[in-house]
Every structure is written in structure tokens, then in C-alpha cells.
Amino acid sequence: MKENREAIIQLINATIGYGDLTVVNHVDMVVYQGETKVILGPSGVGKSTILKAILGLIKPTTGEIRIHRENIVPYQERELVRIRSQMAMVFQHGALFDSMTVGENVSYRLRELEMTTPDKIDQRVDEVLNFVGLRGARKLKPAQLSGGMRKRVAIARGLAPDPEVFLFDEPTVGLDPINHFNIEQLMLKLKKTQRATMLIVTHDVESALRLADSIVILHEGQFIFDGTPTALKENQDMRVKAFLDPEKFATARE
Amino acid sequence: MDRLKIGLVRTPLYYFYLFLCELGAIARFTGTALKSAILPPYRRSITRRQMDAIGVGSLPIVTLTGLFMGLVLALQSIVELRNIGATAYIGRAIGTTVIRELGPVLSSMMVAARAGSAISAELASMTIGEQIDALRAEGSDPVEKLVEPRLIACLIMMPVLTLICDMVAFIGGWLVACTVIQISSFFYWDSVLEVLTPAFVWGGAIKALAFGFVIGVVSCYSGMKTSFGSSGVGEATTRAVVISSISILALDFLITKIFIVTWW
């Protein structure tokens, strides 16, 4: 069934790192159109690095990264801007521009790339702020927002230009249970109403199982699992089991 | 190449290799920043805001620097000139020293300490908070958006601030000259104006322009190349001020030598 869908993001034998440090070693991954894929793994294994490579912010040392079958690895910044315009990235801590208001943050790409008229930009900002439940926050500065609100503004910023692909970097990390629930609901709403292709990086297993159509697990620079949430629960690989239920695994070893 | 690098680890040659890599990175960054500053589009409104922050914001500290520089220079000059009975030349002594050397150098050092550190800290915070990555993800070029306006603002405001610093230093010198050795105001200003030749004035302005360029490039580079971690902002700021200050002094020597040989 999967083969009939278009592959939006492909990692082919990709090795990614920073300088001499290799973080992800010869990995392959496919994200299909309309799919919600989750990259699971403990903190610091290089999950966010994969997202940055997909956006073209860092280049892999070997292999290919394809967006809509185009290998973006040799692309210069100008060509990457075109590729990035199809994607929205929600950074771990929002990465909102401190010097701008919420409204300016949300409308940033629309204004910068002159995607539509000022009137329509205003209308779109209201629409997406309404979607994320922050109708009255337009004139606030990022410093005046809570962690959960910052994440929601970041989602609104991503949503404003109506991108095809959403990349989420640890969307629920550091949030209280209520904000955690709200952000997760927002992502489910995004999945259902926008039919967006989503690639989510997280270490939150429960959240991943609720959101994902398919899951990959990153362990020591390699994907050790790639399949559906159901297949993940039934997987017998000790490394996968250790990640999913570390307490039970530790008890079993004793 | 990797094998070569492994073979050189922790040897002086390896550190020299790292130094060359860093130099190459700075040269590439400078080239990109210059290209962005010269070619359109120009970010006029952001540049104006930066001119206000760098130029108008640095005005009080540069004015005070100029004033005390003039006062001290006059006091020191009086002591030496009295020995040779040439106190009448105090305006000339202050004029030459300020316009050619102390004005551009001291005002640039003050701008490096105040505005350069602020630029570096701001960009370092943005780097650590992933705002630079976010800018790129949103389709902007961080060099065009952040570096270009700051560099242009430094280039425009540094000569202006230097000129103001020079003027205030002359006034400081005049205050001391009039009160300590009771020289006439007309005589003092006439003596100062004698050394304000186009060669000296333009020479000072060119120095200020060069120092402004150094402050802009070093501060932006330092801020944008910050390593992750909370201490990164502090390190970037310190690095920006230290490298800017040393570069200004070294560049001053080089420009002075060139001017003496060719122009002054």
C-alpha cells in the first residue's frame, strides 16, 4: 500500500554530523505523503540533526536527502530556499524572533517571500492564531508568552504559509501535562484537518504511539526499527524493548 | 585529509591548521557580508534602527571619551611644551594627535566595547535559541537580514562618531589651554585649524571607516559562530571585544605606515 503513495522525504544511505563528529551513520528513511512519521530515540542521539539536514541547514557527509525526488545535498542556499518553502519547522523551544510581535512572527514568511497581499496576510495571521487558540496574542512579544504558548505560536508560524510538510523537533518537551495535551491535540487536529505530512522527533514514547502512522527508532546513529506503532509494541529486539520500557527491562536483567 | 588531521592532533602544526581554517572561515564570512552590503536588496529600515543603536547609542560614551582625551592630552602637552617654551603650539599638538591617531582609535575601541559586544551578544543569543536556523528555515539569509544592516551601520556611524569625538577633544583641550596657560581662544583654534588639512581629516576618516568594518565583521562573526551552551554568549562577547580591539590597534599601525609613506 505504501509504495502507491509519493515519497516526500527520503534519506538514502545518509551520514550526518558536525565536523569530525558523525551523529547518524548510513541511514535510510522514507516519509510518504500525508503520513505522520515519528523518529524516536533518547536525547542526544541526533534526532534533531536529521531534521536540520532535511531542511538543508546542515549537509550530510555521504548519501542523499531527497525532497519530492530532488536530491537537495548539492543545492546552494538559493535553491534550498525554494525547497524550504514547502516545509515548516517547529523548533524545540519555538525559536520565535524575540524582536518581533507574535503577529510579525506568524506572518514572517508570507511577508518575506511576498507570498500574498498585506490584507490577506492579516487575515491569514488571524486564521492561524485562531487555529492554535491564541486569538488575542497577536500584539504580544515572545518574552510575554509561556512555554506552551510559544510552541503554539511556532506551530502557527509554520502553518501560515500552508506548507506541505511539517517538521516538529521535540514538540512537547518541557511542557506541563495540560500544555503537553494541548500541543498533542493541536498536532492531531493538524493531521486530520490539514492532511499534512509530518515528521516528528521526540523521546516521548506515549506521545509517539498516539500520533504516529509509522515510527523509526534511532539508536547509536542507526535506525533499529522502522514500522507501525502496533509492530513496535510487538518487536522483540532487546534494544527496542529497553527504550520502550527501561524499568521493566532493567528488572528483567536483574 | 582525515588521516593528515589525525596525525597532526595536538601538535603545533595542527593548531596552525586550525588557525588557517578559522582564517579561511572569517575570510569567506567577510566576502559574503561585503557582497550582501554592496548588492541590493538593501534593508533600509533595519539599517536605520542599527544606526540608531550603534551610532546614537554610543554617542554619550564617545563624547565623554573625547572630552577626557582632550583634557588629559592638553595637560600632558603643556608639561612637555613648557620645557621647550612652545606652549603656543598646544592647539597644533592636540589637533595632530587627535585627528590622526587618538580620535579614530579611542572612539573605535569604545564602540567595539559598547556596540560590538551588544551585536555579538544579540547574535549569539539568537544562535543558541535557534533563531538563526529559524530564519534560514523561513527562507531568509541571516547574513542579509542580520549582518548586512549591522555592518553598514558600523561603516556609516564610525566616521561620524570619530568626527564628534575629535571635536569634543578639541573643546577639552581648549578648556585646559584657556584656564591653565591662559592662551587666547583665537590663537588656540587657529592653531588647531592649521593641522586640519584634508589629508589628515580624510586620513582619520578612512581609519574610522576601516575600524568600523573590523567591528562589524568581528562582532557578527563572533556572535554567529557561538558554540552551544549558556557560556557561549559570554565567550562570544569577550572574543568580539578582544579581537576587535587588537585588530584596531594592528590595523592602525598598518594604515599609519601606509599613509606616512604615501600621503601624510
# chains A, B, ... in the order shown; residues from 1 in each chain; ligands from 1
call {"tool": "closest_atom_pairs", "arguments": {"of": "chain B", "to": "chain A", "cutoff": "9 Å", "atoms": "only C-alpha atoms", "output": "Markdown table"}}
result
| residue | atom | partner | partner_atom | distance |
| --- | --- | --- | --- | --- |
| B:Asp2 | CA | A:Asp20 | CA | 8.6 |
| B:Met126 | CA | A:Phe97 | CA | 8.1 |
| B:Gly129 | CA | A:Ala95 | CA | 5.8 |
| B:Glu130 | CA | A:Ala95 | CA | 5.4 |
| B:Gln131 | CA | A:Ala95 | CA | 4.9 |
| B:Ile132 | CA | A:Ala95 | CA | 8.5 |
| B:Asp133 | CA | A:Leu57 | CA | 7.0 |
| B:Ala134 | CA | A:Ala95 | CA | 6.3 |
| B:Leu135 | CA | A:Phe97 | CA | 8.5 |
| B:Arg136 | CA | A:Leu57 | CA | 7.5 |
| B:Ala137 | CA | A:Arg84 | CA | 6.1 |
| B:Glu138 | CA | A:Arg109 | CA | 5.6 |
| B:Gly139 | CA | A:Val81 | CA | 5.1 |
| B:Ser140 | CA | A:Glu112 | CA | 7.4 |
| B:Asp141 | CA | A:Glu77 | CA | 8.2 |
call {"tool": "select_by_dssp", "arguments": {"residues": "segment 182-231 of chain B", "states": "alpha helix (DSSP H)", "output": "ChimeraX atom specification"}}
result
/B:185-195,198-224,231
call {"tool": "write_last_selection", "arguments": {"atoms": "N, CA and C atoms", "output": "mmCIF file, in the first residue's frame"}}
result
data_model
loop_
_atom_site.group_PDB
_atom_site.id
_atom_site.type_symbol
_atom_site.label_atom_id
_atom_site.label_comp_id
_atom_site.auth_asym_id
_atom_site.auth_seq_id
_atom_site.Cartn_x
_atom_site.Cartn_y
_atom_site.Cartn_z
ATOM 1 N N SER B 185 41.665 82.145 23.024
ATOM 2 C CA SER B 185 40.825 81.198 22.284
ATOM 3 C C SER B 185 41.133 81.260 20.800
ATOM 4 N N PHE B 186 41.264 82.478 20.292
ATOM 5 C CA PHE B 186 41.521 82.638 18.859
ATOM 6 C C PHE B 186 42.816 81.921 18.474
ATOM 7 N N PHE B 187 43.856 82.112 19.272
ATOM 8 C CA PHE B 187 45.163 81.524 18.995
ATOM 9 C C PHE B 187 45.085 79.988 19.013
ATOM 10 N N TYR B 188 44.332 79.484 20.023
ATOM 11 C CA TYR B 188 44.193 78.019 20.145
ATOM 12 C C TYR B 188 43.506 77.436 18.910
ATOM 13 N N TRP B 189 42.325 78.010 18.572
ATOM 14 C CA TRP B 189 41.548 77.439 17.452
ATOM 15 C C TRP B 189 42.255 77.626 16.117
ATOM 16 N N ASP B 190 42.949 78.736 15.992
ATOM 17 C CA ASP B 190 43.717 78.984 14.770
ATOM 18 C C ASP B 190 44.803 77.912 14.601
ATOM 19 N N SER B 191 45.412 77.582 15.753
ATOM 20 C CA SER B 191 46.476 76.576 15.766
ATOM 21 C C SER B 191 45.911 75.175 15.438
ATOM 22 N N VAL B 192 44.703 74.915 15.978
ATOM 23 C CA VAL B 192 44.058 73.622 15.693
ATOM 24 C C VAL B 192 43.722 73.531 14.199
ATOM 25 N N LEU B 193 43.124 74.605 13.675
ATOM 26 C CA LEU B 193 42.686 74.586 12.275
ATOM 27 C C LEU B 193 43.849 74.439 11.292
ATOM 28 N N GLU B 194 45.018 74.867 11.732
ATOM 29 C CA GLU B 194 46.206 74.743 10.877
ATOM 30 C C GLU B 194 46.514 73.290 10.500
ATOM 31 N N VAL B 195 46.233 72.388 11.451
ATOM 32 C CA VAL B 195 46.552 70.974 11.173
ATOM 33 C C VAL B 195 45.379 70.192 10.590
ATOM 34 N N PRO B 198 43.077 68.584 4.598
ATOM 35 C CA PRO B 198 42.267 67.488 4.027
ATOM 36 C C PRO B 198 42.939 66.121 4.196
ATOM 37 N N ALA B 199 44.260 66.081 4.062
ATOM 38 C CA ALA B 199 44.972 64.796 4.173
ATOM 39 C C ALA B 199 44.780 64.184 5.561
ATOM 40 N N PHE B 200 44.879 65.008 6.595
ATOM 41 C CA PHE B 200 44.725 64.488 7.969
ATOM 42 C C PHE B 200 43.275 64.114 8.254
ATOM 43 N N VAL B 201 42.351 65.012 7.812
ATOM 44 C CA VAL B 201 40.929 64.756 8.088
ATOM 45 C C VAL B 201 40.473 63.480 7.363
ATOM 46 N N TRP B 202 40.816 63.371 6.086
ATOM 47 C CA TRP B 202 40.431 62.180 5.323
ATOM 48 C C TRP B 202 41.141 60.940 5.854
ATOM 49 N N GLY B 203 42.385 61.129 6.241
ATOM 50 C CA GLY B 203 43.150 60.005 6.812
ATOM 51 C C GLY B 203 42.459 59.448 8.048
ATOM 52 N N GLY B 204 42.027 60.364 8.934
ATOM 53 C CA GLY B 204 41.317 59.944 10.157
ATOM 54 C C GLY B 204 40.004 59.267 9.830
ATOM 55 N N ALA B 205 39.306 59.828 8.814
ATOM 56 C CA ALA B 205 38.008 59.251 8.425
ATOM 57 C C ALA B 205 38.194 57.848 7.831
ATOM 58 N N ILE B 206 39.237 57.670 7.042
ATOM 59 C CA ILE B 206 39.492 56.351 6.435
ATOM 60 C C ILE B 206 39.822 55.329 7.527
ATOM 61 N N LYS B 207 40.606 55.789 8.503
ATOM 62 C CA LYS B 207 40.906 54.891 9.630
ATOM 63 C C LYS B 207 39.606 54.488 10.336
ATOM 64 N N ALA B 208 38.756 55.465 10.609
ATOM 65 C CA ALA B 208 37.487 55.176 11.302
ATOM 66 C C ALA B 208 36.633 54.205 10.505
ATOM 67 N N LEU B 209 36.620 54.397 9.186
ATOM 68 C CA LEU B 209 35.859 53.504 8.300
ATOM 69 C C LEU B 209 36.398 52.071 8.405
ATOM 70 N N ALA B 210 37.716 51.945 8.363
ATOM 71 C CA ALA B 210 38.347 50.616 8.455
ATOM 72 C C ALA B 210 38.053 49.972 9.807
ATOM 73 N N PHE B 211 38.113 50.782 10.875
ATOM 74 C CA PHE B 211 37.850 50.234 12.216
ATOM 75 C C PHE B 211 36.376 49.834 12.346
ATOM 76 N N GLY B 212 35.491 50.628 11.752
ATOM 77 C CA GLY B 212 34.067 50.300 11.764
ATOM 78 C C GLY B 212 33.810 48.968 11.066
ATOM 79 N N PHE B 213 34.514 48.751 9.963
ATOM 80 C CA PHE B 213 34.393 47.488 9.221
ATOM 81 C C PHE B 213 34.844 46.313 10.093
ATOM 82 N N VAL B 214 35.981 46.513 10.786
ATOM 83 C CA VAL B 214 36.512 45.458 11.666
ATOM 84 C C VAL B 214 35.502 45.141 12.776
ATOM 85 N N ILE B 215 34.950 46.176 13.401
ATOM 86 C CA ILE B 215 33.993 45.964 14.499
ATOM 87 C C ILE B 215 32.769 45.198 13.992
ATOM 88 N N GLY B 216 32.245 45.619 12.833
ATOM 89 C CA GLY B 216 31.054 44.977 12.271
ATOM 90 C C GLY B 216 31.296 43.505 11.959
ATOM 91 N N VAL B 217 32.368 43.225 11.235
ATOM 92 C CA VAL B 217 32.642 41.846 10.812
ATOM 93 C C VAL B 217 32.967 40.954 12.014
ATOM 94 N N VAL B 218 33.873 41.415 12.873
ATOM 95 C CA VAL B 218 34.312 40.581 14.011
ATOM 96 C C VAL B 218 33.135 40.303 14.960
ATOM 97 N N SER B 219 32.351 41.321 15.257
ATOM 98 C CA SER B 219 31.240 41.135 16.206
ATOM 99 C C SER B 219 30.184 40.191 15.644
ATOM 100 N N CYS B 220 29.845 40.365 14.374
ATOM 101 C CA CYS B 220 28.834 39.495 13.765
ATOM 102 C C CYS B 220 29.358 38.061 13.660
ATOM 103 N N TYR B 221 30.593 37.908 13.219
ATOM 104 C CA TYR B 221 31.164 36.559 13.062
ATOM 105 C C TYR B 221 31.210 35.848 14.410
ATOM 106 N N SER B 222 31.687 36.585 15.395
ATOM 107 C CA SER B 222 31.813 36.012 16.733
ATOM 108 C C SER B 222 30.447 35.575 17.280
ATOM 109 N N GLY B 223 29.428 36.399 17.068
ATOM 110 C CA GLY B 223 28.086 36.068 17.550
ATOM 111 C C GLY B 223 27.484 34.876 16.834
ATOM 112 N N MET B 224 27.700 34.827 15.519
ATOM 113 C CA MET B 224 27.048 33.762 14.745
ATOM 114 C C MET B 224 27.787 32.435 14.807
ATOM 115 N N SER B 231 27.299 29.484 28.419
ATOM 116 C CA SER B 231 28.517 30.294 28.495
ATOM 117 C C SER B 231 28.911 30.831 27.117
#
call {"tool": "select_by_dssp", "arguments": {"residues": "segment 141-217 of chain A", "states": "strand (DSSP E)", "output": "list in words"}}
result
Val165, Phe166, Leu167, Phe168, Asp169, Thr197, Met198, Leu199, Ile200, Val201, Thr202, Ser214, Ile215, Val216 and Ile217 of chain A
call {"tool": "write_last_selection", "arguments": {"atoms": "N, CA, C and O atoms", "output": "compact mmCIF listing (two decimals), in the first residue's frame"}}
result
# COMPACT_ATOMS: atom_id res chain seq x y z
N VAL A 165 4.75 20.03 4.28
CA VAL A 165 5.41 19.15 5.25
C VAL A 165 5.66 19.92 6.56
O VAL A 165 6.09 21.07 6.53
N PHE A 166 5.38 19.26 7.67
CA PHE A 166 5.70 19.83 8.98
C PHE A 166 6.81 19.02 9.63
O PHE A 166 6.73 17.79 9.68
N LEU A 167 7.81 19.70 10.13
CA LEU A 167 8.87 19.03 10.88
C LEU A 167 8.76 19.53 12.32
O LEU A 167 8.81 20.74 12.56
N PHE A 168 8.61 18.63 13.26
CA PHE A 168 8.49 19.01 14.68
C PHE A 168 9.69 18.50 15.45
O PHE A 168 9.97 17.29 15.42
N ASP A 169 10.37 19.40 16.14
CA ASP A 169 11.51 18.99 16.96
C ASP A 169 11.09 19.01 18.43
O ASP A 169 10.90 20.08 19.01
N THR A 197 1.81 16.25 5.80
CA THR A 197 2.82 15.23 6.03
C THR A 197 3.65 15.72 7.23
O THR A 197 4.10 16.87 7.23
N MET A 198 3.80 14.87 8.23
CA MET A 198 4.51 15.33 9.43
C MET A 198 5.64 14.39 9.80
O MET A 198 5.48 13.17 9.77
N LEU A 199 6.78 14.98 10.14
CA LEU A 199 7.90 14.22 10.67
C LEU A 199 8.20 14.78 12.06
O LEU A 199 8.53 15.97 12.20
N ILE A 200 8.00 13.94 13.06
CA ILE A 200 8.10 14.42 14.44
C ILE A 200 9.29 13.73 15.12
O ILE A 200 9.43 12.51 15.04
N VAL A 201 10.10 14.52 15.78
CA VAL A 201 11.22 14.00 16.55
C VAL A 201 10.86 14.10 18.03
O VAL A 201 10.44 15.16 18.49
N THR A 202 10.92 13.00 18.74
CA THR A 202 10.59 13.05 20.16
C THR A 202 11.24 11.88 20.92
O THR A 202 11.70 10.92 20.30
N SER A 214 3.75 5.79 11.40
CA SER A 214 4.90 4.89 11.43
C SER A 214 5.99 5.51 12.31
O SER A 214 6.03 6.74 12.50
N ILE A 215 6.84 4.63 12.84
CA ILE A 215 7.85 5.06 13.80
C ILE A 215 9.21 4.49 13.41
O ILE A 215 9.30 3.34 12.97
N VAL A 216 10.26 5.31 13.56
CA VAL A 216 11.62 4.76 13.47
C VAL A 216 12.30 5.01 14.81
O VAL A 216 12.01 6.01 15.47
N ILE A 217 13.16 4.09 15.21
CA ILE A 217 13.91 4.30 16.45
C ILE A 217 15.38 4.45 16.13
O ILE A 217 15.97 3.62 15.43
call {"tool": "residues_around", "arguments": {"residues": "Leu11 of chain A", "least_positions_apart": "5", "cutoff": "7 Å", "atoms": "only C-alpha atoms", "output": "list in words"}}
result
Val27, Asp28, Met29, Val30, Glu64, Ile65 and Arg66 of chain A
call {"tool": "closest_residue", "arguments": {"among": "B:Ile248, B:Leu151, B:Ile78, B:Leu106", "to": "Thr179 of chain B", "atoms": "only C-alpha atoms"}}
result
B:Ile78
call {"tool": "residues_around", "arguments": {"residues": "Ile58 of chain A", "least_positions_apart": "2", "cutoff": "9 Å", "atoms": "only C-alpha atoms", "output": "ChimeraX atom specification"}}
result
/A:16-18,49-50,52-56,60
call {"tool": "closest_residue", "arguments": {"among": "B:Thr256, B:Thr47, B:Thr262, B:Thr63", "to": "Ile164 of chain B", "atoms": "only C-alpha atoms"}}
result
B:Thr63
call {"tool": "residues_around", "arguments": {"residues": "Gly95 of chain B", "least_positions_apart": "2", "cutoff": "7 Å", "atoms": "only C-alpha atoms", "output": "compact mmCIF listing (two decimals) with C-alpha atoms, in the first residue's frame"}}
result
# COMPACT_ATOMS: atom_id res chain seq x y z
CA GLY B 91 46.44 73.53 19.61
CA ARG B 92 48.66 72.07 16.91
CA ALA B 93 49.86 69.27 19.19
CA THR B 97 47.38 63.71 17.82
CA VAL B 98 43.60 63.62 17.97
CA ILE B 99 42.75 63.78 14.28
CA PHE B 170 39.46 69.89 20.75
CA VAL B 192 44.06 73.62 15.69
CA VAL B 195 46.55 70.97 11.17
call {"tool": "residues_around", "arguments": {"residues": "Thr230 of chain A", "least_positions_apart": "5", "cutoff": "12 Å", "atoms": "only C-alpha atoms", "output": "PDB file with all heavy atoms, in the first residue's frame"}}
result
ATOM      1  N   ALA A 208       4.361   9.452  20.885  1.00  0.00           N
ATOM      2  CA  ALA A 208       4.676   8.893  19.568  1.00  0.00           C
ATOM      3  C   ALA A 208       3.628   7.858  19.157  1.00  0.00           C
ATOM      4  O   ALA A 208       3.162   7.857  18.013  1.00  0.00           O
ATOM      5  CB  ALA A 208       6.062   8.261  19.594  1.00  0.00           C
ATOM      6  N   LEU A 209       3.241   7.002  20.096  1.00  0.00           N
ATOM      7  CA  LEU A 209       2.263   5.953  19.786  1.00  0.00           C
ATOM      8  C   LEU A 209       0.900   6.544  19.435  1.00  0.00           C
ATOM      9  O   LEU A 209       0.176   6.016  18.602  1.00  0.00           O
ATOM     10  CB  LEU A 209       2.125   4.981  20.966  1.00  0.00           C
ATOM     11  CG  LEU A 209       3.364   4.111  21.246  1.00  0.00           C
ATOM     12  CD1 LEU A 209       3.201   3.334  22.533  1.00  0.00           C
ATOM     13  CD2 LEU A 209       3.641   3.159  20.089  1.00  0.00           C
ATOM     14  N   ARG A 210       0.578   7.692  20.063  1.00  0.00           N
ATOM     15  CA  ARG A 210      -0.726   8.322  19.791  1.00  0.00           C
ATOM     16  C   ARG A 210      -0.735   9.046  18.434  1.00  0.00           C
ATOM     17  O   ARG A 210      -1.745   9.075  17.754  1.00  0.00           O
ATOM     18  CB  ARG A 210      -1.065   9.317  20.904  1.00  0.00           C
ATOM     19  CG  ARG A 210      -1.648   8.673  22.147  1.00  0.00           C
ATOM     20  CD  ARG A 210      -2.215   9.727  23.088  1.00  0.00           C
ATOM     21  NE  ARG A 210      -1.183  10.544  23.679  1.00  0.00           N
ATOM     22  CZ  ARG A 210      -0.560  10.259  24.826  1.00  0.00           C
ATOM     23  NH1 ARG A 210      -0.878   9.175  25.506  1.00  0.00           N
ATOM     24  NH2 ARG A 210       0.376  11.055  25.307  1.00  0.00           N
ATOM     25  N   ALA A 212       1.688   8.734  15.704  1.00  0.00           N
ATOM     26  CA  ALA A 212       2.385   8.232  14.522  1.00  0.00           C
ATOM     27  C   ALA A 212       1.578   7.267  13.661  1.00  0.00           C
ATOM     28  O   ALA A 212       0.780   6.480  14.158  1.00  0.00           O
ATOM     29  CB  ALA A 212       3.669   7.544  14.961  1.00  0.00           C
ATOM     30  N   ASP A 213       1.805   7.353  12.335  1.00  0.00           N
ATOM     31  CA  ASP A 213       1.391   6.296  11.423  1.00  0.00           C
ATOM     32  C   ASP A 213       2.525   5.281  11.337  1.00  0.00           C
ATOM     33  O   ASP A 213       2.292   4.102  11.179  1.00  0.00           O
ATOM     34  CB  ASP A 213       1.129   6.866  10.026  1.00  0.00           C
ATOM     35  CG  ASP A 213      -0.028   7.838  10.035  1.00  0.00           C
ATOM     36  OD1 ASP A 213      -0.996   7.589  10.776  1.00  0.00           O
ATOM     37  OD2 ASP A 213       0.036   8.863   9.326  1.00  0.00           O
ATOM     38  N   SER A 214       3.748   5.792  11.400  1.00  0.00           N
ATOM     39  CA  SER A 214       4.900   4.893  11.434  1.00  0.00           C
ATOM     40  C   SER A 214       5.991   5.512  12.307  1.00  0.00           C
ATOM     41  O   SER A 214       6.028   6.737  12.495  1.00  0.00           O
ATOM     42  CB  SER A 214       5.430   4.626  10.028  1.00  0.00           C
ATOM     43  OG  SER A 214       6.038   5.777   9.522  1.00  0.00           O
ATOM     44  N   ILE A 215       6.839   4.629  12.838  1.00  0.00           N
ATOM     45  CA  ILE A 215       7.848   5.065  13.802  1.00  0.00           C
ATOM     46  C   ILE A 215       9.212   4.493  13.406  1.00  0.00           C
ATOM     47  O   ILE A 215       9.296   3.338  12.969  1.00  0.00           O
ATOM     48  CB  ILE A 215       7.477   4.580  15.228  1.00  0.00           C
ATOM     49  CG1 ILE A 215       6.173   5.258  15.701  1.00  0.00           C
ATOM     50  CG2 ILE A 215       8.606   4.849  16.230  1.00  0.00           C
ATOM     51  CD1 ILE A 215       5.642   4.744  17.027  1.00  0.00           C
ATOM     52  N   ASN A 235       7.620  -5.754  18.884  1.00  0.00           N
ATOM     53  CA  ASN A 235       9.011  -6.001  18.499  1.00  0.00           C
ATOM     54  C   ASN A 235       9.805  -6.636  19.640  1.00  0.00           C
ATOM     55  O   ASN A 235       9.672  -6.236  20.801  1.00  0.00           O
ATOM     56  CB  ASN A 235       9.662  -4.680  18.085  1.00  0.00           C
ATOM     57  CG  ASN A 235      10.962  -4.878  17.357  1.00  0.00           C
ATOM     58  OD1 ASN A 235      11.984  -5.122  17.970  1.00  0.00           O
ATOM     59  ND2 ASN A 235      10.917  -4.796  16.041  1.00  0.00           N
TER      60      ASN A 235
END
call {"tool": "atom_distance", "arguments": {"atom1": "atom CA of Asp252 of chain B", "atom2": "atom CA of Pro104 of chain B"}}
result
8.9 Å
call {"tool": "residues_around", "arguments": {"residues": "Ser107 of chain B", "least_positions_apart": "5", "cutoff": "7 Å", "atoms": "only C-alpha atoms", "output": "PyMOL selection string"}}
result
chain B and resi 62+162+165
call {"tool": "closest_residue", "arguments": {"among": "B:Val143, B:Glu122, B:Ala53, B:Val180", "to": "Arg82 of chain B", "atoms": "only C-alpha atoms"}}
result
B:Val180
call {"tool": "atom_distance", "arguments": {"atom1": "atom CA of Gly172 of chain B", "atom2": "atom CA of Gly103 of chain B"}}
result
12.7 Å
